[in-house]
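J.: What follows is entry17.tsv, made up of TSV, C-alpha atoms and all ligand atoms:
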```tsv
chain	number	residue	atom	x	y	z
A	17	MET	CA	12.56	-4.31	32.94
A	18	SER	CA	11.42	-7.48	31.18
A	19	ARG	CA	11.77	-11.14	32.01
A	20	LYS	CA	11.19	-14.27	29.94
A	21	ASN	CA	7.68	-15.73	30.20
A	22	GLN	CA	6.26	-12.50	31.54
A	23	THR	CA	2.72	-12.11	30.15
A	24	LEU	CA	1.90	-9.24	27.80
A	25	GLY	CA	-0.39	-7.77	30.43
A	26	GLU	CA	2.34	-7.85	33.11
A	27	PHE	CA	4.83	-6.34	30.65
A	28	ILE	CA	2.49	-3.44	29.81
A	29	ILE	CA	1.91	-2.67	33.50
A	30	GLU	CA	5.63	-2.90	34.36
A	31	ASN	CA	6.55	-0.60	31.47
A	32	GLN	CA	3.68	1.84	31.84
A	33	ALA	CA	6.08	4.59	32.80
A	34	GLU	CA	7.59	4.49	29.28
A	35	PHE	CA	4.36	5.79	27.75
A	36	GLN	CA	5.00	9.47	28.15
A	37	TYR	CA	1.97	11.73	28.72
A	38	SER	CA	-0.25	8.67	28.69
A	39	SER	CA	-2.58	8.15	31.60
A	40	GLY	CA	-3.00	4.54	30.59
A	41	GLU	CA	-4.77	4.94	27.25
A	42	LEU	CA	-1.81	3.56	25.29
A	43	SER	CA	-1.69	0.55	27.61
A	44	ARG	CA	-5.41	-0.01	27.16
A	45	LEU	CA	-4.92	0.37	23.41
A	46	ILE	CA	-2.25	-2.36	23.27
A	47	ASN	CA	-4.52	-4.53	25.43
A	48	SER	CA	-7.45	-4.10	23.01
A	49	ILE	CA	-5.18	-5.01	20.09
A	50	ARG	CA	-4.28	-8.15	22.03
A	51	LEU	CA	-7.97	-9.13	22.30
A	52	ALA	CA	-8.66	-8.48	18.60
A	53	ALA	CA	-5.55	-10.47	17.67
A	54	LYS	CA	-6.88	-13.53	19.51
A	55	VAL	CA	-10.25	-13.29	17.73
A	56	VAL	CA	-8.63	-12.93	14.28
A	57	ASN	CA	-6.17	-15.72	15.07
A	58	HIS	CA	-9.07	-18.06	15.81
A	59	GLU	CA	-10.77	-17.27	12.49
A	60	VAL	CA	-7.55	-17.42	10.42
A	61	ASN	CA	-6.59	-20.77	11.91
A	62	LYS	CA	-9.87	-22.39	10.91
A	63	ALA	CA	-9.87	-20.86	7.40
A	64	GLY	CA	-8.65	-24.17	6.03
A	65	LEU	CA	-11.96	-25.71	6.98
A	66	VAL	CA	-13.76	-23.81	4.23
A	67	ASP	CA	-15.80	-26.84	3.25
A	68	ILE	CA	-17.09	-26.94	6.79
A	69	VAL	CA	-17.23	-23.24	7.69
A	70	GLY	CA	-18.17	-22.02	4.21
A	71	ALA	CA	-16.14	-19.85	1.84
A	72	ALA	CA	-16.47	-16.08	1.73
A	73	GLY	CA	-19.90	-14.96	0.68
A	74	GLU	CA	-21.48	-18.34	1.42
A	75	THR	CA	-23.18	-19.63	4.55
A	76	ASN	CA	-21.32	-22.05	6.77
A	77	ILE	CA	-22.52	-25.33	8.21
A	78	GLN	CA	-24.36	-23.38	10.93
A	79	GLY	CA	-26.04	-21.27	8.27
A	80	GLU	CA	-23.97	-18.22	9.30
A	81	ASP	CA	-22.84	-15.76	6.65
A	82	GLN	CA	-19.12	-16.22	6.02
A	83	GLN	CA	-17.12	-13.00	5.64
A	84	LYS	CA	-13.91	-12.68	3.67
A	85	LEU	CA	-11.18	-12.98	6.28
A	86	ASP	CA	-9.72	-9.57	5.63
A	87	VAL	CA	-13.17	-7.99	6.03
A	88	MET	CA	-13.64	-10.05	9.21
A	89	ALA	CA	-10.26	-8.90	10.53
A	90	ASN	CA	-11.04	-5.27	9.70
A	91	ASP	CA	-14.43	-5.42	11.40
A	92	THR	CA	-12.95	-7.17	14.45
A	93	PHE	CA	-10.21	-4.61	15.01
A	94	ILE	CA	-12.51	-1.63	14.38
A	95	ARG	CA	-15.19	-3.01	16.73
A	96	THR	CA	-12.72	-3.87	19.51
A	97	LEU	CA	-10.85	-0.57	19.27
A	98	THR	CA	-14.08	1.47	19.14
A	99	ASN	CA	-15.67	-0.34	22.09
A	100	ARG	CA	-12.68	0.47	24.31
A	101	ASN	CA	-13.20	4.23	23.75
A	102	ILE	CA	-9.47	4.94	23.48
A	103	LEU	CA	-9.14	6.35	19.95
A	104	CYS	CA	-10.49	9.41	18.16
A	105	GLY	CA	-9.90	8.02	14.66
A	106	ILE	CA	-9.02	4.88	12.66
A	107	ALA	CA	-7.72	4.41	9.11
A	108	SER	CA	-7.52	1.00	7.43
A	109	GLU	CA	-6.38	-0.47	4.13
A	110	GLU	CA	-9.92	-1.86	3.87
A	111	ASN	CA	-11.62	1.57	4.15
A	112	ASP	CA	-11.36	4.27	1.47
A	113	ASP	CA	-11.60	7.07	4.05
A	114	PHE	CA	-10.65	7.37	7.71
A	115	ILE	CA	-13.23	6.74	10.46
A	116	SER	CA	-13.85	9.58	12.93
A	117	LEU	CA	-14.91	8.24	16.34
A	118	GLU	CA	-17.15	11.02	17.61
A	119	GLY	CA	-17.90	9.66	21.09
A	120	GLN	CA	-21.30	9.53	22.74
A	121	ASN	CA	-22.15	13.22	22.38
A	122	GLY	CA	-19.58	14.20	19.78
A	123	ASP	CA	-17.27	14.88	22.72
A	124	ASN	CA	-14.42	12.52	21.87
A	125	ASN	CA	-11.45	13.75	23.91
A	126	ASN	CA	-9.28	10.73	23.13
A	127	LYS	CA	-5.86	11.67	21.86
A	128	TYR	CA	-4.70	8.68	19.80
A	129	ILE	CA	-5.36	7.61	16.22
A	130	LEU	CA	-4.58	4.21	14.71
A	131	LEU	CA	-3.82	3.12	11.15
A	132	MET	CA	-3.79	-0.54	10.17
A	133	ASP	CA	-3.54	-3.23	7.54
A	134	PRO	CA	-5.91	-5.67	9.24
A	135	LEU	CA	-4.84	-8.76	7.33
A	136	ASP	CA	-1.76	-8.29	5.18
A	137	GLY	CA	-1.03	-11.05	2.69
A	138	SER	CA	-4.55	-12.45	2.96
A	139	SER	CA	-4.26	-13.99	-0.52
A	140	ASN	CA	-1.84	-16.46	1.11
A	141	ILE	CA	-4.53	-17.90	3.36
A	142	ASP	CA	-5.84	-20.24	0.65
A	143	VAL	CA	-2.38	-21.82	0.43
A	144	ASN	CA	-1.86	-21.98	4.21
A	145	VAL	CA	0.95	-19.39	4.30
A	146	SER	CA	1.42	-17.02	7.26
A	147	VAL	CA	-0.38	-13.67	7.21
A	148	GLY	CA	-0.26	-10.65	9.51
A	149	THR	CA	-1.87	-7.55	10.96
A	150	ILE	CA	0.12	-4.30	11.00
A	151	PHE	CA	-0.74	-1.26	13.15
A	152	SER	CA	0.58	2.26	13.66
A	153	ILE	CA	-0.39	4.69	16.45
A	154	TYR	CA	-0.02	8.50	16.61
A	155	ARG	CA	-1.11	11.27	18.94
A	156	ARG	CA	-3.66	13.48	17.13
A	157	VAL	CA	-2.44	16.92	15.98
A	158	THR	CA	-5.88	18.63	15.83
A	159	PRO	CA	-7.61	19.97	18.99
A	160	PRO	CA	-9.12	17.37	21.35
A	161	GLY	CA	-12.91	17.25	21.30
A	162	THR	CA	-13.10	18.13	17.60
A	163	PRO	CA	-13.61	15.61	14.78
A	164	VAL	CA	-10.29	14.25	13.47
A	165	THR	CA	-9.11	15.49	10.09
A	166	ILE	CA	-6.90	13.96	7.40
A	167	GLU	CA	-3.98	15.94	8.90
A	168	ASP	CA	-4.11	13.68	11.97
A	169	PHE	CA	-3.36	10.70	9.69
A	170	LEU	CA	-0.82	12.32	7.33
A	171	GLN	CA	1.96	12.65	9.91
A	172	PRO	CA	5.55	11.56	9.14
A	173	GLY	CA	6.36	8.11	10.50
A	174	ARG	CA	8.86	9.58	12.98
A	175	GLU	CA	5.86	10.90	14.97
A	176	GLN	CA	4.52	7.41	15.73
A	177	VAL	CA	4.10	6.68	19.45
A	178	ALA	CA	3.72	2.93	18.92
A	179	ALA	CA	3.71	0.39	16.08
A	180	GLY	CA	3.54	-3.37	15.80
A	181	TYR	CA	2.43	-6.43	13.95
A	182	ILE	CA	0.73	-9.73	14.66
A	183	VAL	CA	2.04	-12.70	12.68
A	184	TYR	CA	-0.43	-15.60	12.35
A	185	GLY	CA	2.14	-18.28	11.59
A	186	THR	CA	3.27	-21.61	13.01
A	187	SER	CA	2.67	-19.71	16.22
A	188	THR	CA	0.88	-16.41	16.70
A	189	MET	CA	3.00	-13.50	17.90
A	190	ILE	CA	2.54	-9.84	18.74
A	191	VAL	CA	5.70	-7.78	18.10
A	192	TYR	CA	5.56	-4.08	18.97
A	193	THR	CA	7.47	-0.99	20.05
A	194	THR	CA	6.55	2.19	21.92
A	195	GLY	CA	9.92	3.75	21.08
A	196	HIS	CA	11.82	1.83	23.76
A	197	GLY	CA	12.98	-1.22	21.82
A	198	VAL	CA	11.07	-4.10	20.26
A	199	ASN	CA	9.55	-7.03	22.16
A	200	GLY	CA	7.83	-10.18	20.87
A	201	PHE	CA	5.07	-12.09	22.64
A	202	THR	CA	3.93	-15.60	21.65
A	203	LEU	CA	0.37	-16.81	22.17
A	204	ASN	CA	-0.24	-19.95	24.20
A	205	PRO	CA	-3.47	-20.94	22.44
A	206	ALA	CA	-4.37	-23.41	25.17
A	207	ILE	CA	-4.98	-20.57	27.63
A	208	GLY	CA	-5.20	-17.56	25.30
A	209	THR	CA	-2.29	-15.72	26.91
A	210	PHE	CA	0.62	-13.98	25.18
A	211	TYR	CA	4.02	-14.56	26.84
A	212	LEU	CA	7.22	-12.54	26.37
A	213	SER	CA	9.23	-14.90	24.16
A	214	HIS	CA	11.50	-12.46	22.27
A	215	PRO	CA	12.69	-9.68	24.61
A	216	ASN	CA	14.60	-6.74	23.08
A	217	MET	CA	14.56	-7.98	19.47
A	218	GLN	CA	17.55	-6.76	17.42
A	219	PHE	CA	18.05	-6.72	13.66
A	220	PRO	CA	21.54	-8.27	13.06
A	221	GLU	CA	23.68	-5.50	11.53
A	222	MET	CA	24.49	-7.84	8.64
A	223	GLY	CA	22.73	-10.89	7.23
A	224	ASN	CA	22.71	-13.21	4.23
A	225	ILE	CA	19.03	-13.31	3.25
A	226	TYR	CA	17.53	-11.11	0.56
A	227	SER	CA	13.76	-11.00	0.05
A	228	VAL	CA	12.32	-9.61	-3.21
A	229	ASN	CA	9.92	-10.80	-5.90
A	230	GLU	CA	12.52	-11.60	-8.57
A	231	GLY	CA	9.70	-12.21	-11.04
A	232	ASN	CA	9.67	-8.43	-11.46
A	233	TYR	CA	13.44	-8.29	-12.14
A	234	VAL	CA	13.27	-6.96	-15.71
A	235	GLN	CA	11.06	-4.09	-14.53
A	236	PHE	CA	13.29	-2.99	-11.63
A	237	PRO	CA	15.52	0.13	-11.73
A	238	ASP	CA	19.13	-0.66	-12.73
A	239	GLY	CA	20.37	-0.04	-9.16
A	240	VAL	CA	18.09	-2.77	-7.84
A	241	LYS	CA	19.13	-5.15	-10.62
A	242	LYS	CA	22.80	-4.52	-9.75
A	243	TYR	CA	22.17	-5.11	-6.04
A	244	ILE	CA	20.36	-8.40	-6.75
A	245	LYS	CA	23.32	-9.53	-8.91
A	246	TYR	CA	25.65	-8.47	-6.04
A	247	CYS	CA	23.65	-10.72	-3.67
A	248	GLN	CA	24.05	-13.63	-6.11
A	249	GLU	CA	27.83	-13.25	-6.78
A	250	GLU	CA	30.37	-15.86	-5.68
A	251	ALA	CA	32.34	-13.83	-3.15
A	252	GLU	CA	33.15	-13.46	0.54
A	253	GLY	CA	29.93	-14.37	2.41
A	254	ARG	CA	27.98	-14.52	-0.85
A	255	PRO	CA	25.86	-15.63	-2.62
A	256	TYR	CA	23.14	-14.74	-0.13
A	257	THR	CA	20.03	-16.89	0.26
A	258	SER	CA	16.82	-15.79	-1.47
A	259	ARG	CA	13.77	-16.11	0.78
A	260	TYR	CA	10.45	-14.49	-0.20
A	261	ILE	CA	7.15	-15.66	1.30
A	262	GLY	CA	4.99	-12.95	-0.26
A	263	SER	CA	3.82	-11.92	3.20
A	264	LEU	CA	5.50	-8.71	4.40
A	265	VAL	CA	5.10	-9.43	8.11
A	266	SER	CA	6.55	-12.95	7.83
A	267	ASP	CA	9.46	-11.91	5.58
A	268	ILE	CA	10.49	-9.05	7.85
A	269	HIS	CA	9.93	-11.07	11.04
A	270	ARG	CA	12.26	-13.81	9.75
A	271	ASN	CA	14.85	-11.29	8.60
A	272	MET	CA	14.77	-9.48	11.95
A	273	ILE	CA	15.61	-12.74	13.72
A	274	LYS	CA	18.15	-14.10	11.19
A	275	GLY	CA	19.42	-10.95	9.47
A	276	GLY	CA	18.42	-9.91	5.98
A	277	ILE	CA	16.89	-7.30	3.68
A	278	TYR	CA	13.34	-7.04	2.34
A	279	MET	CA	12.79	-5.03	-0.84
A	280	TYR	CA	9.67	-3.96	-2.67
A	281	PRO	CA	11.16	-1.53	-5.22
A	282	LYS	CA	9.34	0.57	-7.74
A	283	SER	CA	9.07	-0.96	-11.21
A	284	SER	CA	7.68	-0.09	-14.62
A	285	LYS	CA	4.53	-1.96	-13.45
A	286	ALA	CA	4.36	-0.30	-10.00
A	287	THR	CA	5.84	3.18	-10.37
A	288	ASN	CA	5.76	3.83	-6.59
A	289	GLY	CA	6.15	0.21	-5.52
A	290	LYS	CA	3.23	-1.71	-4.02
A	291	LEU	CA	3.43	-1.22	-0.26
A	292	ARG	CA	1.44	1.46	1.54
A	293	LEU	CA	3.43	4.13	3.40
A	294	LEU	CA	1.03	4.81	6.28
A	295	TYR	CA	0.05	1.35	7.53
A	296	GLU	CA	2.71	-0.97	6.13
A	297	CYS	CA	6.03	0.85	5.61
A	298	ASN	CA	5.91	3.37	8.50
A	299	PRO	CA	5.10	0.84	11.26
A	300	MET	CA	7.58	-1.73	9.93
A	301	ALA	CA	10.22	1.02	9.60
A	302	PHE	CA	9.63	2.19	13.19
A	303	ILE	CA	10.06	-1.40	14.40
A	304	ALA	CA	13.13	-1.95	12.21
A	305	GLU	CA	14.88	1.19	13.49
A	306	GLN	CA	13.98	0.43	17.11
A	307	ALA	CA	15.62	-2.99	16.55
A	308	GLY	CA	18.79	-1.39	15.14
A	309	GLY	CA	17.86	-1.90	11.49
A	310	LYS	CA	17.14	0.59	8.71
A	311	ALA	CA	14.28	1.41	6.33
A	312	SER	CA	14.24	3.71	3.29
A	313	ASP	CA	12.65	4.15	-0.10
A	314	GLY	CA	16.10	3.57	-1.57
A	315	TYR	CA	17.11	7.19	-0.99
A	316	THR	CA	15.21	8.73	1.97
A	317	ARG	CA	14.50	7.44	5.48
A	318	ILE	CA	10.94	6.09	5.45
A	319	LEU	CA	10.10	7.77	8.78
A	320	ASP	CA	11.01	11.18	7.35
A	321	LEU	CA	8.67	10.96	4.36
A	322	LYS	CA	5.75	13.44	4.56
A	323	PRO	CA	2.60	11.60	3.49
A	324	THR	CA	0.20	13.34	1.10
A	325	GLU	CA	-2.49	10.68	0.70
A	326	LEU	CA	-4.00	8.05	3.03
A	327	HIS	CA	-3.25	5.07	0.73
A	328	GLU	CA	-0.10	6.26	-0.99
A	329	ARG	CA	2.53	3.72	-1.97
A	330	VAL	CA	6.32	3.97	-1.67
A	331	PRO	CA	9.28	1.77	-2.63
A	332	PHE	CA	10.48	-0.09	0.48
A	333	PHE	CA	13.94	-1.36	1.54
A	334	CYS	CA	14.00	-2.63	5.12
A	335	GLY	CA	16.27	-4.76	7.25
A	336	SER	CA	19.85	-5.20	8.45
A	337	ARG	CA	21.49	-1.77	8.43
A	338	LEU	CA	24.58	-2.71	6.39
A	339	MET	CA	22.48	-4.54	3.79
A	340	VAL	CA	20.06	-1.63	3.33
A	341	GLU	CA	23.01	0.78	3.05
A	342	LYS	CA	24.61	-1.47	0.39
A	343	ALA	CA	21.38	-1.53	-1.61
A	344	GLU	CA	21.11	2.27	-1.27
A	345	SER	CA	24.68	2.63	-2.59
A	346	PHE	CA	23.67	0.77	-5.77
A	347	MET	CA	20.51	2.89	-6.06
A	348	ASN	CA	22.47	6.13	-5.60
A	349	ASN	CA	25.14	5.18	-8.12
A	350	ASP	CA	22.53	4.21	-10.69
B	401	LIG	P1	3.94	-9.52	-4.72
B	401	LIG	C1	0.85	-8.93	0.28
B	401	LIG	O1	-0.12	-8.71	-0.73
B	401	LIG	C2	1.83	-7.78	0.23
B	401	LIG	O2	1.17	-6.58	0.51
B	401	LIG	C3	2.97	-8.01	1.20
B	401	LIG	O3	2.56	-8.68	2.36
B	401	LIG	C4	3.94	-8.84	0.37
B	401	LIG	O4	5.29	-8.70	0.80
B	401	LIG	C5	3.74	-8.28	-1.04
B	401	LIG	O5	2.43	-7.71	-1.07
B	401	LIG	C6	3.82	-9.37	-2.09
B	401	LIG	O6	3.60	-8.74	-3.35
B	401	LIG	O7	3.72	-8.51	-5.79
B	401	LIG	O8	5.41	-9.94	-4.63
B	401	LIG	O9	3.02	-10.72	-4.76
```
Kindly transcribe the structure held in the file into structure tokens.
T.:
Amino acid sequence: MSRKNQTLGEFIIENQAEFQYSSGELSRLINSIRLAAKVVNHEVNKAGLVDIVGAAGETNIQGEDQQKLDVMANDTFIRTLTNRNILCGIASEENDDFISLEGQNGDNNNKYILLMDPLDGSSNIDVNVSVGTIFSIYRRVTPPGTPVTIEDFLQPGREQVAAGYIVYGTSTMIVYTTGHGVNGFTLNPAIGTFYLSHPNMQFPEMGNIYSVNEGNYVQFPDGVKKYIKYCQEEAEGRPYTSRYIGSLVSDIHRNMIKGGIYMYPKSSKATNGKLRLLYECNPMAFIAEQAGGKASDGYTRILDLKPTELHERVPFFCGSRLMVEKAESFMNND
């Protein structure tokens, strides 16, 4: 049960029963993500004051060392999540290998692992464009009390127990799912509280927005080229509108509200596409499907892909179900 203007904390408590097998860890995990999101939001929002706070690698007006924002975001989430003693392992786009959280005496009996892109689209910060954090949560598959292994992180996306994103935009929002629908919470910065602003988010089955970097057009597979031309044709309900911010979280968030498709296909320049399967595509695919949308690599359901490497990339088509299926039809007839 959810009601408008409920706080995130109230929502978690009221929906605790949905977290199967969890004796509250998953709730505490979402709560710690909430805290880290507020810290990162504060830093991202003042990034424009570089001349005052100091650019990355320099000291700010207080003489403090200034970290690159994505390093800051990574450190903030790792520190907050570790301090809450809820996880047994963390993987991040910013870290080559996963982090095993051993616990005080090597006796870490926690059962959840988290993968994240701590600050996706961070190159947009210098031009004041929205950026985001993306997270994905699984139950470990190796025995509790032992150090996590790479197998705990290389699970298919369909095994996720929770996934979400934070969008640091005109307002800051947390959008997440635990497998029971998608809900969005907006931060009231005056009091530092997230309020339920977008209950039960649904991807419109059809939309008229397509999001792709058309600068790579000549390098796309023919099926993608044909779908882009289909989007641009003068016909019933077309041409669609092209909207591409260059920030995955923002593009998908907009398309989930208005209807649309986001594509990052493979190309001759990026033979597996650019986006990472484990901490970008899987969590966004879980959210998309929970909101009635669809996500594939053009052929196979993203959540059914078996990962082989921590930082592997896959082509990504995600959004309104009928639009993704139309794009897949062009890919499959190519
Ligand atoms: P391109 C940001 O770097 C990102 O990972 C996504 O957030 C975004 O959708 C994509 O890459 C943009 O990539 O190659 O179009 O600049």
J.: Residues near segment 258-267 of chain A, anyone? I mean within 9 Å using only C-alpha atoms, not counting same-chain ones fewer than 3 positions away, as a ChimeraX atom specification.
T.: /A:136-138,140,145-150,181-185,224-229,247-248,270-272,277-278,296,300
J.: Kindly give the distance, in Å, that separates atom CA of Ser336 of chain A and atom C6 of ligand LIG 401 (chain B), rounded to a single decimal.
T.: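 Those two atoms sit 19.6 Å apart.
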J.: So the first atom is atom CA of Gly309 of chain A and the second is atom CA of Asp168 of chain A; what is the distance between them in Å, to one decimal place?
T.: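 Distance between the two atoms: 26.9 Å.
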J.: Find the residue from A:Arg337, A:Arg317, A:Lys290, A:His327 that sits nearest to ligand LIG 401 (chain B); use all atoms listed in the file when measuring.
T.: A:Lys290
J.: Give me, as a list in words, all polymer residues having an atom no more than 12 Å from Asn204 of chain A, counting all atoms listed in the file and skipping those fewer than 4 positions away in the same chain.
T.: Asn21, Thr23, Leu24, Lys54, Asn57, Thr186, Ser187, Thr188, Met189, Ile190, Gly208, Thr209, Phe210, Tyr211, Leu212 and Ser213 of chain A
J.: Please, could you write that set of residues out with C-alpha atoms as a JSON list (two decimals), in the frame of the given file?
T.:
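Once everything was written out, this is out.json:
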```json
[["chain", "number", "residue", "atom", "x", "y", "z"],
["A", 21, "ASN", "CA", 7.68, -15.73, 30.20],
["A", 23, "THR", "CA", 2.72, -12.11, 30.15],
["A", 24, "LEU", "CA", 1.90, -9.24, 27.80],
["A", 54, "LYS", "CA", -6.88, -13.53, 19.51],
["A", 57, "ASN", "CA", -6.17, -15.72, 15.07],
["A", 186, "THR", "CA", 3.27, -21.61, 13.01],
["A", 187, "SER", "CA", 2.67, -19.71, 16.22],
["A", 188, "THR", "CA", 0.88, -16.41, 16.70],
["A", 189, "MET", "CA", 3.00, -13.50, 17.90],
["A", 190, "ILE", "CA", 2.54, -9.84, 18.74],
["A", 208, "GLY", "CA", -5.20, -17.56, 25.30],
["A", 209, "THR", "CA", -2.29, -15.72, 26.91],
["A", 210, "PHE", "CA", 0.62, -13.98, 25.18],
["A", 211, "TYR", "CA", 4.02, -14.56, 26.84],
["A", 212, "LEU", "CA", 7.22, -12.54, 26.37],
["A", 213, "SER", "CA", 9.23, -14.90, 24.16]]
```
J.: Of the candidates A:Ile28, A:Ile318, A:Ala307, A:Ala63, which shows the shortest atom-to-atom distance to Val143 of chain A, using only C-alpha atoms?
T.: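 Looking at the shortest contact to Val143 of chain A, the residue is A:Ala63.
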J.: Kindly indicate which residue among A:Pro237, A:Gly289, A:Pro281, A:Gly173 lies nearest to Glu305 of chain A, using all atoms listed in the file for the distances.
T.: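 Among A:Pro237, A:Gly289, A:Pro281, A:Gly173, it is A:Gly173 that comes nearest to Glu305 of chain A.
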